[in-house]
Every structure is written in C-alpha cells, then in structure tokens.
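Q: What follows is the file upload-v6.csv, containing CSV, C-alpha atoms and all ligand atoms:
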chain,number,residue,atom,x,y,z
A,15,SER,CA,124.9,81.6,107.6
A,16,SER,CA,122.8,80.1,104.9
A,17,LYS,CA,119.6,81.7,106.2
A,18,ARG,CA,117.3,83.0,103.5
A,19,LEU,CA,116.9,86.7,103.9
A,20,TYR,CA,113.6,88.4,103.0
A,21,ARG,CA,113.7,92.2,102.6
A,22,VAL,CA,110.4,93.7,103.5
A,23,ALA,CA,109.3,97.3,103.0
A,24,ALA,CA,107.0,98.2,105.9
A,25,ILE,CA,104.6,101.1,105.5
A,26,PRO,CA,102.7,101.5,108.8
A,27,GLY,CA,100.7,104.5,107.6
A,28,ASP,CA,98.2,106.1,109.9
A,29,GLY,CA,96.3,105.5,113.1
A,30,ILE,CA,96.1,101.9,114.2
A,31,GLY,CA,98.1,101.0,111.0
A,32,VAL,CA,101.1,102.0,113.1
A,33,ASP,CA,100.2,99.8,116.1
A,34,VAL,CA,99.3,96.7,114.1
A,35,THR,CA,102.4,96.9,111.8
A,36,GLU,CA,104.7,97.1,114.8
A,37,ALA,CA,102.9,94.1,116.2
A,38,ALA,CA,103.2,92.2,112.9
A,39,ILE,CA,106.9,92.9,112.7
A,40,GLN,CA,107.5,91.6,116.2
A,41,VAL,CA,105.6,88.4,115.5
A,42,LEU,CA,107.3,87.9,112.1
A,43,ASN,CA,110.7,88.3,113.7
A,44,LYS,CA,109.7,85.7,116.3
A,45,LEU,CA,108.5,83.3,113.7
A,46,ALA,CA,111.8,83.6,111.7
A,47,GLU,CA,113.9,83.2,114.9
A,48,VAL,CA,112.0,80.1,116.0
A,49,ASN,CA,112.0,78.6,112.5
A,50,GLY,CA,115.7,79.3,112.0
A,51,THR,CA,115.9,78.9,108.2
A,52,PHE,CA,115.0,82.5,107.2
A,53,ALA,CA,115.2,86.0,108.5
A,54,PHE,CA,113.5,89.3,107.7
A,55,GLU,CA,115.1,92.7,107.1
A,56,PHE,CA,112.5,95.4,107.5
A,57,THR,CA,112.8,98.9,106.1
A,58,THR,CA,110.2,101.2,107.5
A,59,PHE,CA,108.8,104.0,105.3
A,60,ASP,CA,107.0,106.8,107.2
A,61,TRP,CA,104.5,107.5,104.4
A,62,SER,CA,101.4,108.8,106.1
A,63,SER,CA,98.8,111.5,106.2
A,64,LYS,CA,101.0,113.4,108.7
A,65,LYS,CA,103.8,113.5,106.1
A,66,TYR,CA,101.3,114.5,103.5
A,67,CYS,CA,100.3,117.5,105.6
A,68,GLU,CA,104.0,118.4,106.1
A,69,ARG,CA,105.3,118.0,102.5
A,70,GLY,CA,102.2,117.7,100.3
A,71,GLN,CA,103.0,114.2,99.3
A,72,TYR,CA,102.5,110.8,100.9
A,73,MET,CA,105.5,109.1,99.3
A,74,GLN,CA,109.0,110.2,98.3
A,75,GLU,CA,109.7,111.0,94.6
A,76,ASP,CA,111.7,107.8,94.2
A,77,TRP,CA,109.1,105.5,95.9
A,78,ASN,CA,108.9,103.1,93.0
A,79,ALA,CA,112.6,102.4,92.9
A,80,GLN,CA,112.7,102.2,96.7
A,81,LEU,CA,109.9,99.6,96.9
A,82,LYS,CA,111.4,97.5,94.1
A,83,LYS,CA,114.4,96.8,96.2
A,84,HIS,CA,112.3,94.6,98.4
A,85,ASP,CA,110.8,91.1,98.3
A,86,ALA,CA,107.5,92.2,99.7
A,87,ILE,CA,105.6,95.2,101.1
A,88,TYR,CA,103.8,95.1,104.4
A,89,PHE,CA,101.2,97.8,104.8
A,90,GLY,CA,99.2,99.0,107.8
A,91,ALA,CA,96.4,101.4,106.9
A,92,VAL,CA,96.2,104.9,105.5
A,93,GLY,CA,93.6,107.7,105.8
A,94,TRP,CA,92.9,110.4,108.3
A,95,PRO,CA,89.8,112.5,108.9
A,96,ASP,CA,91.2,115.9,107.8
A,97,ILE,CA,92.3,114.5,104.4
A,98,PRO,CA,89.7,113.5,101.8
A,99,ASP,CA,89.9,109.7,101.4
A,100,HIS,CA,90.4,109.9,97.6
A,101,ILE,CA,93.7,111.7,98.1
A,102,SER,CA,95.2,109.0,100.4
A,103,LEU,CA,93.9,106.3,98.1
A,104,TRP,CA,95.1,107.9,94.8
A,105,GLN,CA,98.4,109.1,96.2
A,106,MET,CA,99.5,106.0,97.8
A,107,ILE,CA,97.5,102.7,97.7
A,108,LEU,CA,96.4,102.8,94.1
A,109,PRO,CA,99.7,103.9,92.6
A,110,ILE,CA,101.5,101.1,94.5
A,111,ARG,CA,99.0,98.5,93.4
A,112,GLN,CA,99.2,99.7,89.8
A,113,GLN,CA,102.9,100.4,89.4
A,114,MET,CA,103.9,97.2,91.3
A,115,ASN,CA,101.7,95.2,88.8
A,116,GLN,CA,99.6,93.9,91.7
A,117,TYR,CA,96.7,93.0,89.5
A,118,VAL,CA,95.3,90.4,92.0
A,119,ASN,CA,93.8,91.1,95.4
A,120,VAL,CA,93.1,88.0,97.4
A,121,ARG,CA,91.0,88.0,100.5
A,122,PRO,CA,90.6,84.7,102.3
A,123,THR,CA,87.6,84.6,104.8
A,124,ARG,CA,86.8,82.1,107.4
A,125,ILE,CA,85.6,82.2,110.9
A,126,LEU,CA,88.6,82.1,113.3
A,127,ARG,CA,88.1,80.4,116.6
A,128,GLY,CA,86.7,82.8,119.1
A,129,THR,CA,85.0,85.1,116.7
A,130,GLU,CA,81.3,85.6,117.1
A,131,ALA,CA,79.6,85.4,113.7
A,132,PRO,CA,76.5,87.5,113.4
A,133,LEU,CA,74.5,84.7,111.6
A,134,ALA,CA,73.0,81.9,113.7
A,135,GLN,CA,73.9,79.3,111.0
A,136,LEU,CA,77.5,80.3,111.2
A,137,ARG,CA,77.6,80.3,114.9
A,138,GLU,CA,76.5,76.7,114.8
A,139,LYS,CA,78.6,75.6,111.9
A,140,PRO,CA,81.6,78.1,111.5
A,141,GLY,CA,83.0,75.7,108.8
A,142,ASP,CA,80.2,76.8,106.5
A,143,LEU,CA,82.1,80.0,105.7
A,144,ASP,CA,85.4,79.3,104.0
A,145,TRP,CA,85.9,81.5,101.0
A,146,ILE,CA,88.6,83.1,98.9
A,147,ILE,CA,87.6,86.2,97.1
A,148,VAL,CA,89.8,87.0,94.1
A,149,ARG,CA,89.4,90.7,93.2
A,150,GLU,CA,90.6,92.3,90.0
A,151,ASN,CA,92.9,94.9,91.3
A,152,SER,CA,94.2,97.0,88.4
A,153,GLU,CA,91.3,98.2,86.2
A,154,GLY,CA,87.5,98.0,86.1
A,155,GLU,CA,85.7,100.6,88.1
A,156,TYR,CA,88.8,101.9,89.8
A,157,ALA,CA,90.8,102.6,86.6
A,158,GLY,CA,90.7,106.3,87.3
A,159,GLN,CA,89.3,107.4,83.9
A,160,GLY,CA,86.8,110.2,83.9
A,161,GLY,CA,86.5,113.9,84.5
A,162,THR,CA,84.5,116.8,85.7
A,163,THR,CA,83.0,119.6,83.7
A,164,HIS,CA,81.5,122.8,85.2
A,165,GLY,CA,82.8,121.8,88.6
A,166,HIS,CA,81.7,123.8,91.6
A,167,THR,CA,78.4,124.8,89.9
A,168,LYS,CA,75.0,123.3,89.8
A,169,HIS,CA,75.8,122.3,86.2
A,170,ALA,CA,78.6,120.1,87.3
A,171,MET,CA,78.8,116.9,85.4
A,172,ALA,CA,81.2,114.0,86.1
A,173,THR,CA,82.0,110.8,84.4
A,174,GLU,CA,83.5,107.7,86.0
A,175,VAL,CA,84.5,105.3,83.3
A,176,ALA,CA,85.1,101.6,84.0
A,177,ILE,CA,87.8,99.9,81.9
A,178,PHE,CA,87.7,96.2,81.2
A,179,SER,CA,90.4,94.8,78.9
A,180,TYR,CA,90.6,91.3,77.5
A,181,VAL,CA,94.1,90.9,78.8
A,182,GLY,CA,93.1,92.3,82.2
A,183,ILE,CA,90.1,89.9,82.5
A,184,GLU,CA,91.9,86.9,81.2
A,185,ARG,CA,94.7,87.1,83.7
A,186,ILE,CA,92.4,87.5,86.7
A,187,MET,CA,90.2,84.6,85.5
A,188,ARG,CA,93.3,82.3,85.2
A,189,PHE,CA,94.5,83.3,88.6
A,190,ALA,CA,91.0,82.6,90.0
A,191,PHE,CA,90.7,79.2,88.3
A,192,GLU,CA,94.2,78.2,89.6
A,193,THR,CA,93.2,79.3,93.1
A,194,ALA,CA,90.0,77.3,93.0
A,195,LYS,CA,91.9,74.3,91.6
A,196,ALA,CA,94.3,74.3,94.6
A,197,ARG,CA,91.4,74.1,97.1
A,198,PRO,CA,89.5,70.9,98.2
A,199,LYS,CA,86.2,72.0,96.7
A,200,LYS,CA,87.6,73.1,93.3
A,201,GLN,CA,84.7,75.4,92.8
A,202,LEU,CA,84.6,78.9,91.3
A,203,THR,CA,81.8,81.5,91.3
A,204,MET,CA,82.1,84.4,89.0
A,205,VAL,CA,80.3,87.6,89.9
A,206,THR,CA,79.0,90.0,87.3
A,207,LYS,CA,76.3,92.6,86.5
A,208,SER,CA,76.0,91.8,82.8
A,209,ASN,CA,72.3,92.2,82.7
A,210,ALA,CA,72.5,96.0,83.3
A,211,GLN,CA,76.1,96.8,82.2
A,212,ARG,CA,76.1,95.4,78.8
A,213,HIS,CA,79.6,96.1,77.5
A,214,GLY,CA,82.4,95.7,80.0
A,215,MET,CA,80.5,93.1,82.0
A,216,VAL,CA,79.6,91.1,79.0
A,217,LEU,CA,83.2,90.9,78.0
A,218,TRP,CA,84.0,89.9,81.6
A,219,ASP,CA,81.5,87.0,81.2
A,220,GLN,CA,82.7,86.0,77.8
A,221,VAL,CA,86.4,85.7,78.9
A,222,PHE,CA,85.3,83.7,82.0
A,223,TYR,CA,83.6,81.1,79.8
A,224,GLU,CA,86.6,80.9,77.5
A,225,VAL,CA,89.1,80.4,80.3
A,226,ALA,CA,86.6,77.9,82.0
A,227,LYS,CA,87.1,75.5,79.0
A,228,ASP,CA,90.7,75.0,80.1
A,229,TYR,CA,89.4,73.7,83.5
A,230,GLU,CA,86.6,71.5,82.3
A,231,GLY,CA,86.3,68.5,84.6
A,232,VAL,CA,88.7,70.1,87.0
A,233,VAL,CA,87.0,73.1,88.5
A,234,THR,CA,83.2,73.5,88.7
A,235,HIS,CA,82.0,77.0,88.0
A,236,ASP,CA,78.9,79.1,88.1
A,237,LYS,CA,77.9,82.7,87.6
A,238,MET,CA,76.0,85.1,89.9
A,239,LEU,CA,74.7,88.7,89.5
A,240,VAL,CA,76.3,90.8,92.2
A,241,ASP,CA,72.9,91.7,93.8
A,242,ALA,CA,71.8,88.1,94.1
A,243,MET,CA,75.3,87.2,95.3
A,244,THR,CA,74.9,89.3,98.5
A,245,VAL,CA,71.8,87.2,99.3
A,246,ARG,CA,73.6,83.9,98.6
A,247,MET,CA,76.5,84.9,100.8
A,248,VAL,CA,74.1,85.4,103.7
A,249,ASN,CA,71.6,82.6,103.1
A,250,ARG,CA,73.8,79.8,101.7
A,251,PRO,CA,77.4,80.6,102.7
A,252,GLU,CA,78.3,76.8,102.5
A,253,SER,CA,77.5,76.9,98.7
A,254,LEU,CA,80.5,79.1,97.9
A,255,ASP,CA,84.2,78.5,97.8
A,256,THR,CA,86.4,80.6,95.5
A,257,ILE,CA,84.8,83.8,94.2
A,258,VAL,CA,86.1,86.1,91.4
A,259,ALA,CA,84.7,89.6,90.9
A,260,THR,CA,85.6,93.1,89.5
A,261,ASN,CA,87.5,95.7,91.5
A,262,LEU,CA,84.3,97.4,92.8
A,263,HIS,CA,82.1,94.4,93.3
A,264,ALA,CA,84.8,92.4,95.1
A,265,ASP,CA,85.6,95.4,97.3
A,266,ILE,CA,82.1,95.5,98.5
A,267,LEU,CA,81.6,91.7,98.7
A,268,SER,CA,84.8,91.2,100.7
A,269,ASP,CA,83.6,93.7,103.3
A,270,LEU,CA,80.4,91.8,103.6
A,271,ALA,CA,82.4,88.6,103.9
A,272,ALA,CA,84.5,90.1,106.7
A,273,ALA,CA,81.4,91.2,108.6
A,274,LEU,CA,79.8,87.7,108.2
A,275,ALA,CA,83.0,86.2,109.6
A,276,GLY,CA,82.6,88.3,112.8
A,277,SER,CA,85.1,91.1,112.8
A,278,ILE,CA,86.7,93.6,110.4
A,279,GLY,CA,89.7,93.5,112.7
A,280,ILE,CA,90.7,89.9,111.7
A,281,ALA,CA,90.5,90.0,107.9
A,282,PRO,CA,93.6,89.9,105.7
A,283,SER,CA,94.3,90.9,102.1
A,284,SER,CA,97.1,90.3,99.6
A,285,ASN,CA,97.9,92.4,96.6
A,286,LEU,CA,99.8,90.1,94.3
A,287,ASP,CA,101.9,90.4,91.3
A,288,PRO,CA,101.6,86.8,90.1
A,289,THR,CA,104.5,87.3,87.7
A,290,ARG,CA,106.7,88.2,90.7
A,291,SER,CA,108.5,90.9,88.8
A,292,CYS,CA,107.5,93.4,91.5
A,293,PRO,CA,107.0,93.0,95.3
A,294,SER,CA,103.5,92.0,96.4
A,295,MET,CA,101.8,93.8,99.2
A,296,PHE,CA,100.1,92.4,102.3
A,297,GLU,CA,97.7,94.4,104.5
A,298,PRO,CA,94.8,93.9,106.9
A,299,ILE,CA,91.6,95.1,105.3
A,300,HIS,CA,90.6,97.5,108.1
A,301,GLY,CA,91.4,101.2,107.9
A,302,SER,CA,93.3,103.5,110.3
A,303,ALA,CA,90.4,103.5,112.9
A,304,PRO,CA,90.8,107.0,114.1
A,305,ASP,CA,88.2,106.3,116.9
A,306,ILE,CA,90.6,103.9,118.7
A,307,ALA,CA,94.0,105.2,117.3
A,308,GLY,CA,96.7,105.7,119.9
A,309,LYS,CA,94.9,103.7,122.6
A,310,GLY,CA,96.8,100.5,122.1
A,311,ILE,CA,93.7,98.4,121.8
A,312,ALA,CA,93.5,97.6,118.0
A,313,ASN,CA,93.1,94.0,117.2
A,314,PRO,CA,96.3,92.9,115.5
A,315,VAL,CA,94.9,89.6,114.2
A,316,GLY,CA,94.1,90.9,110.7
A,317,ALA,CA,97.7,92.2,110.5
A,318,PHE,CA,99.0,88.8,111.7
A,319,TRP,CA,96.9,86.8,109.2
A,320,SER,CA,98.1,89.1,106.4
A,321,ALA,CA,101.7,88.5,107.7
A,322,ALA,CA,101.0,84.7,107.4
A,323,GLU,CA,99.9,85.2,103.8
A,324,MET,CA,103.1,87.1,103.2
A,325,VAL,CA,105.2,84.2,104.6
A,326,ARG,CA,103.3,81.8,102.3
A,327,TRP,CA,103.9,84.0,99.3
A,328,LEU,CA,107.6,84.6,100.0
A,329,GLY,CA,108.2,80.9,100.6
A,330,ARG,CA,106.9,79.9,97.1
A,331,GLY,CA,105.6,76.6,98.5
A,332,GLU,CA,108.4,76.0,100.9
A,333,LEU,CA,107.0,77.9,103.9
A,334,ASP,CA,103.4,76.7,103.7
A,335,GLU,CA,103.8,74.6,106.9
A,336,THR,CA,105.3,77.5,108.7
A,337,ALA,CA,102.4,79.7,107.6
A,338,ASP,CA,100.0,77.1,108.8
A,339,ASP,CA,101.8,76.9,112.1
A,340,PHE,CA,101.6,80.6,112.4
A,341,MET,CA,97.8,80.5,111.7
A,342,ARG,CA,97.4,77.9,114.4
A,343,ALA,CA,99.3,80.1,116.8
A,344,ILE,CA,96.9,83.0,116.0
A,345,GLU,CA,93.8,80.8,116.4
A,346,ASN,CA,95.1,79.5,119.7
A,347,VAL,CA,95.2,83.1,120.8
A,348,THR,CA,91.8,84.1,119.4
A,349,GLY,CA,90.3,80.9,120.9
A,350,ASP,CA,91.3,82.0,124.4
A,351,PRO,CA,88.9,84.6,125.9
A,352,GLN,CA,91.8,86.0,128.0
A,353,THR,CA,93.7,87.1,124.8
A,354,ARG,CA,90.9,88.7,122.7
A,355,THR,CA,90.7,92.4,122.0
A,356,ARG,CA,87.5,94.4,122.7
A,357,ASP,CA,86.1,94.1,119.2
A,358,MET,CA,86.0,90.3,119.9
A,359,GLY,CA,84.4,90.7,123.2
A,360,GLY,CA,87.6,90.4,125.2
A,361,ARG,CA,89.7,92.8,127.3
A,362,ALA,CA,93.2,92.3,126.0
A,363,ASP,CA,95.2,95.1,124.3
A,364,THR,CA,97.3,95.0,121.2
A,365,LYS,CA,100.5,94.3,123.2
A,366,GLY,CA,98.8,91.4,125.1
A,367,VAL,CA,97.6,89.7,122.0
A,368,THR,CA,101.0,90.1,120.3
A,369,GLU,CA,102.9,88.6,123.2
A,370,ALA,CA,100.4,85.8,123.4
A,371,VAL,CA,101.0,85.0,119.7
A,372,CYS,CA,104.8,85.1,120.2
A,373,ARG,CA,104.4,82.6,123.1
A,374,GLU,CA,102.3,80.3,120.9
A,375,ILE,CA,104.9,80.4,118.2
A,376,GLU,CA,107.6,79.5,120.6
A,377,LYS,CA,105.6,76.6,121.8
A,378,MET,CA,104.7,75.1,118.5
A,379,CYS,CA,107.8,75.3,116.4
B,1,LIG,P1,88.1,101.4,109.8
B,1,LIG,O1,88.3,100.0,109.3
B,1,LIG,O2,89.3,102.2,110.1
B,1,LIG,O3,87.2,101.4,111.1
B,1,LIG,C1,85.8,100.9,111.1
B,1,LIG,C2,85.4,100.5,112.5
B,1,LIG,O4,86.0,99.2,112.8
B,1,LIG,C3,85.9,101.5,113.6
B,1,LIG,O5,84.9,101.6,114.6
B,1,LIG,C4,87.1,100.9,114.1
B,1,LIG,O6,87.4,101.2,115.4
B,1,LIG,C5,86.9,99.4,113.9
B,1,LIG,N1,88.1,98.6,113.7
B,1,LIG,C6,88.8,98.6,112.5
B,1,LIG,N2,89.9,97.9,112.6
B,1,LIG,C7,89.9,97.4,113.8
B,1,LIG,C8,90.9,96.7,114.6
B,1,LIG,N3,92.0,96.2,114.0
B,1,LIG,N4,90.7,96.5,115.9
B,1,LIG,C9,89.6,96.9,116.5
B,1,LIG,N5,88.6,97.7,115.8
B,1,LIG,C10,88.8,97.9,114.5
B,1,LIG,O7,87.2,102.1,108.7
B,1,LIG,P2,86.7,103.7,108.6
B,1,LIG,O8,86.5,104.2,110.0
B,1,LIG,O9,85.7,103.7,107.6
B,1,LIG,O10,88.0,104.4,108.0
B,1,LIG,C11,88.9,105.1,108.7
B,1,LIG,C12,90.0,105.6,107.8
B,1,LIG,O11,90.7,104.5,107.3
B,1,LIG,C13,89.5,106.4,106.6
B,1,LIG,O12,90.4,107.5,106.4
B,1,LIG,C14,89.6,105.4,105.5
B,1,LIG,O13,89.7,106.0,104.2
B,1,LIG,C15,90.8,104.6,105.8
B,1,LIG,N6,90.7,103.2,105.3
B,1,LIG,C16,91.9,102.7,104.8
B,1,LIG,C17,92.0,101.5,104.4
B,1,LIG,C18,93.4,101.0,103.9
B,1,LIG,O14,94.4,101.6,104.2
B,1,LIG,N7,93.4,99.9,103.2
B,1,LIG,C19,90.9,100.6,104.3
B,1,LIG,C20,89.7,101.2,104.9
B,1,LIG,C21,89.6,102.4,105.3
B,2,MG,MG,87.2,98.3,101.0
Take the structure in this file and express it as structure tokens.
Ligand code: NAI
Ligand code: MG
A:
Amino acid sequence: SSKRLYRVAAIPGDGIGVDVTEAAIQVLNKLAEVNGTFAFEFTTFDWSSKKYCERGQYMQEDWNAQLKKHDAIYFGAVGWPDIPDHISLWQMILPIRQQMNQYVNVRPTRILRGTEAPLAQLREKPGDLDWIIVRENSEGEYAGQGGTTHGHTKHAMATEVAIFSYVGIERIMRFAFETAKARPKKQLTMVTKSNAQRHGMVLWDQVFYEVAKDYEGVVTHDKMLVDAMTVRMVNRPESLDTIVATNLHADILSDLAAALAGSIGIAPSSNLDPTRSCPSMFEPIHGSAPDIAGKGIANPVGAFWSAAEMVRWLGRGELDETADDFMRAIENVTGDPQTRTRDMGGRADTKGVTEAVCREIEKMC
C-alpha cells in the first residue's frame, strides 16, 4: 500500500517508563490504524538500569548506528535507586541528546481538562497558563566540562564549567523566535542570570538581542532574570507565552511549569534535531517513579502527549490535525473523572486510561 511508514526506536527504560511506553505504543498504533494514511514500526531497545547491572552498560556499543536507522525515538524514563542518577543520565540520556544533535528541548505546558492546578487563579482561568518552554539542550551548564582534584579527601575540589558558544546560542534563539512566531501571541521571554554570571550569560543576552532584530515587528520580546522569572510564572502566568532559557534554568523552570499545570504525570517533552539529520526523541518529563513501579497505576497522559508531539514532528505539517485530534481524545479522557489516574484524583489504572483513549480515537477519526 502507499501508507507512510514511520520507524520508531522505543526505549522503555526503567520503572513506570516501561508501563507508559507500552501504553503509548498501543495508542499510537490505534491512531495510525484509524487514520489509515500511515503506520508505525516500533523497535524496542531494552536499555535500562537492569541491563546496566548485568553488563555494565546501558546501551549497546553500536547504539548510535542503531538509533540512526529510525525516524524518531520514543523514550520512557530511566533511573533506579541503586544506581547514582548521574550514571544513568551520562550513560544514556545525555549521549543520545548530544550525538543525535538534539540541541532543542521543547516543553509545552497547559492545563489539561480534569487537572487540578494548585493556584486559585489557574483553577478559575486554566487558559491563563499556556506556555512553550524552549530549552537549550546541548551545552550550557550540562556540557560536562569540569573535574575533581583530591577526591575522597577533605581537600576535594571540583569544577563544573558551563559552556556557551555563539553558534549554540544563536541556533536556540532562532528556534525560539520561530516557535513564538508560530503562536497566536507571538511573544518570547528570554531567561538569563547575566547580573551575576557575567561571561556566558552576557553572551547569551547579546546573541538574543542580535537575533531579535530579525523579528522586529513580528515577535515581541522581553528579558527576565531567572529568580524573578519564578515569581512571574506564579503571579502572572497569563503574561507569558514562549520562553527560552539555558539547559539548567529551563530544566528547573519546566518542572515548576509542570507543577503549576497540576501534575508531573501529564507533561511532555521533545528533544529535537531541527536539521532533521538525526532522529528526534520524545519522552514524558517524569522519571521512573520507583514508588509506584510495577503497580500498573502510572498516569500515561504525559507519555501520550509526548506521542502526540512525535506525530506532529514526523508529519512535518501534514499530521497537525491528527495530532490535534489525538490531544482532544486525551483531554476527553482526562476530563472524565471515571478515567483519571490516582495522581489526578481518580481511580483508573494505566490500562483503563489507555483503553479509554483508544476508544476516543476510534470515535473521533
Ligand atoms: P519521578 O518523576 O519518577 O517521580 C516523582 C513523583 O511523581 C513520585 O511520587 C511518582 O510516583 C510521581 N509520578 C511521576 N510520574 C508519574 C506518573 N506518570 N503517574 C503517576 N505518578 C507519577 O521523579 P523521582 O522520584 O525524582 O525520580 C525517580 C527516578 O527517575 C530517579 O532515578 C531519577 O533520576 C529518574 N528520572 C528520570 C527522568 C528521565 O528519564 N527523563 C526524569 C526524572 C527523573
Ligand atoms: Mg528535569
């Protein structure tokens, strides 16, 4: 047939990453079946903390070549209590982001129907929170430069060097302006800490204003120091739209954003290679949640929203309506108290929510 085939590498990882990835695959296959113009071929990689314990490595030697055979990567979560988190991060997530040229991390945040936002303002007007956080994903504070001297003694000294390059800043700023331009408000807020960090952050500001010139009259922009930004996110959420920040700052701000939106279990994230020379990676922002792992009660909504973002990306503009339908199906499910998981105040389990979303997809397409 003339169906478009998308090859997706699935990495379920650890804990609830396994449950929500299985759920996402089920829902994506349903979406493709109902839509009829495309299909998915999933290859599952069992790269996990369990494998690390067995063979001393998360991924296989040829992981880079393996992943490059795919159009996209779908990722669950990685990390387990017996293994220091920097090992799982530096042996899997960060190498993938870096070697797959995924220099942008995009985190949309809004309040899905049925989520209880902690702020009174947002419970009354959920529409006041509708943001896209664009995170620099390749350098900055997570560049990995630094070292330790006199380790394991009281004279231990360690450096953690942040790297900001002109090229690295310019490309993230351009992506952020383009993202802002494509949204109704056409508004970009740049986050920095250039009062205290006077080299890298000052370059960050400078490049922002240079790129801003190309968007004069098209995108309005302003600048915030990161500490003041946390206050604005809480007190005046409606004053923000698209936000661009460094690797560390955006990591923290996007967790705050997810909390303000009501649940860590619903938030998605996309690691993009805008040049499309490597596969981009889609994952819920939550971790492996060891406290509820294996119980079948994880909220799969963050995984579904991430899957919807993957569909949008793979479609290159041609599957936007399908992704929107998918999001509507998800919100019909979160909007119904019968089909909410415990973290959203309901009693449904992962399987129940997944089946409900599949039914909604069948109804709407
Ligand atoms: P976490 O996100 O796994 O869990 C935090 C809390 O939120 C827990 O109480 C958990 O039960 C709850 N929660 C998270 N996702 C949920 C969902 N989908 N449904 C219902 N409840 C949910 O963060 P935590 O506990 O700090 O980290 C656990 C492990 O996950 C660590 O090893 C950490 O390094 C790793 N991690 C991995 C990430 C990734 O793979 N991208 C991101 C964050 C953490
Ligand atoms: Mg984080």
Q: Could you list, as a list in words, all the residues within 10 Å of ligand MG 2 (chain B), counting all atoms listed in the file?
A: Asn261, Leu262, Ala264, Asp265, Ile266, Leu267, Ser268, Asp269, Leu270, Ile299, His300 and Gly301 of chain A
Q: Could I get the residue neighbourhood of ligand LIG 1 (chain B) at 6 Å, counting only C-alpha atoms and all ligand atoms, as an MDAnalysis selection string?
A: chainID A and resid 91:95 99 278:279 299:303 305:306 312:314 357
Q: Closest to A:Ile146 among A:Pro282, A:Gly90, A:Gly27, A:Gly316, using only C-alpha atoms?
A: A:Pro282
Q: In Å, how far is it from atom CA of A:Ala134 to atom CA of A:His235?
A: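 Computed distance, atom CA of A:Ala134 to atom CA of A:His235, equals 27.7 Å.
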Q: Smallest atom-to-atom distance to A:Thr348: which of A:Val371, A:Leu45, A:Ala79, A:Leu274, using only C-alpha atoms?
A: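 Using only C-alpha atoms, A:Thr348 sits closest to A:Val371.
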Q: Return the single residue from A:Asp287, A:Lys17, A:Ala317, A:Asp144 that is closest to A:Thr368, with distances computed using only C-alpha atoms.
A: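 For A:Thr368, the nearest of the candidates is A:Ala317.
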Q: For A:Thr57, which residue among A:Ala322, A:Ala176, A:Val22, A:Cys292 is the nearest when counting only C-alpha atoms?
A: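 Between A:Ala322, A:Ala176, A:Val22, A:Cys292, the residue approaching A:Thr57 most closely is A:Val22.
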Q: Residues within 10 Å of A:Lys82, please, as a compact mmCIF listing (two decimals) with C-alpha atoms, keeping the file's coordinate frame. Count only C-alpha atoms; anything in the same chain fewer than 3 positions from it doesn't count.
A:
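See out-v8.txt below for the written result:
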# COMPACT_ATOMS: atom_id res chain seq x y z
CA ALA A 23 109.30 97.30 103.00
CA TRP A 77 109.10 105.50 95.90
CA ASN A 78 108.90 103.10 93.00
CA ALA A 79 112.60 102.40 92.90
CA ASP A 85 110.80 91.10 98.30
CA ALA A 86 107.50 92.20 99.70
CA ILE A 87 105.60 95.20 101.10
CA MET A 114 103.90 97.20 91.30
CA SER A 291 108.50 90.90 88.80
CA CYS A 292 107.50 93.40 91.50
CA PRO A 293 107.00 93.00 95.30
CA SER A 294 103.50 92.00 96.40
Q: Write out as a tab-separated table a residue-level contact list of stretch 49-154 of chain A versus stretch 342-347 of chain A with cut-off 9 Å: for each qualifying residue the closest pair of atoms and the distance in Å to one decimal, counting all atoms listed in the file, rows sorted by chain and residue number upward.
A:
residue	atom	partner	partner_atom	distance
A:Leu126	CA	A:Glu345	CA	6.2
A:Arg127	CA	A:Glu345	CA	5.7
A:Gly128	CA	A:Glu345	CA	7.9
Q: Would you list the residues near (92.1, 94.5, 87.8), meaning any protein, DNA or RNA residue with an atom at most 12 Å from that point in file coordinates, counting all atoms listed in the file, as a PyMOL selection string?
A: chain A and resi 108+111-112+115-120+148-158+176-187+189+218+258-265+285-287
Q: Could you tell me how far atom CA of A:Arg21 lies from atom CA of A:Lys65, in Å and to one decimal?
A: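 Going from atom CA of A:Arg21 over to atom CA of A:Lys65, I get 23.7 Å.
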Q: Which of these, A:Gly29, A:Ala307, A:Ser208, A:Ser284, has the shortest distance to A:Met324 once you count all atoms listed in the file?
A: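 Of the candidates, the smallest distance to A:Met324 is held by A:Ser284.
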Q: For a test of reading the model, state the distance in Å between atom CA of A:Leu239 and atom CA of A:Asp219, rounded to one decimal.
A: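 Between atom CA of A:Leu239 and atom CA of A:Asp219 the gap is 10.9 Å.
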Q: Could you pull the residues within 7 Å of stretch 37-39 of chain A, counting all atoms listed in the file, minus those fewer than 2 positions along the same chain, as number ranges by chain?
A: A: 33-35, 41-43, 314, 317-318, 321, 368
Q: Only C-alpha atoms, please: the residues just picked out, written as a short mmCIF file (atom, residue, chain, number, x, y, z; two decimals), in the frame of the given file.
A:
data_model
loop_
_atom_site.label_atom_id
_atom_site.label_comp_id
_atom_site.auth_asym_id
_atom_site.auth_seq_id
_atom_site.Cartn_x
_atom_site.Cartn_y
_atom_site.Cartn_z
CA ASP A 33 100.20 99.80 116.10
CA VAL A 34 99.30 96.70 114.10
CA THR A 35 102.40 96.90 111.80
CA VAL A 41 105.60 88.40 115.50
CA LEU A 42 107.30 87.90 112.10
CA ASN A 43 110.70 88.30 113.70
CA PRO A 314 96.30 92.90 115.50
CA ALA A 317 97.70 92.20 110.50
CA PHE A 318 99.00 88.80 111.70
CA ALA A 321 101.70 88.50 107.70
CA THR A 368 101.00 90.10 120.30
#
Q: Find, counting all atoms listed in the file, the residue in A:Ala172, A:Ala46, A:Ile30, A:Ile280 that gets nearest to A:Gly310.
A: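 Of all the options, A:Ile30 lies closest to A:Gly310.
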Q: Got a sec to check which residues sit within 8 Å of (106.6, 102.6, 112.0), counting all atoms listed in the file, and write them as a ChimeraX atom specification?
A: /A:24-27,32,35-36,58-60
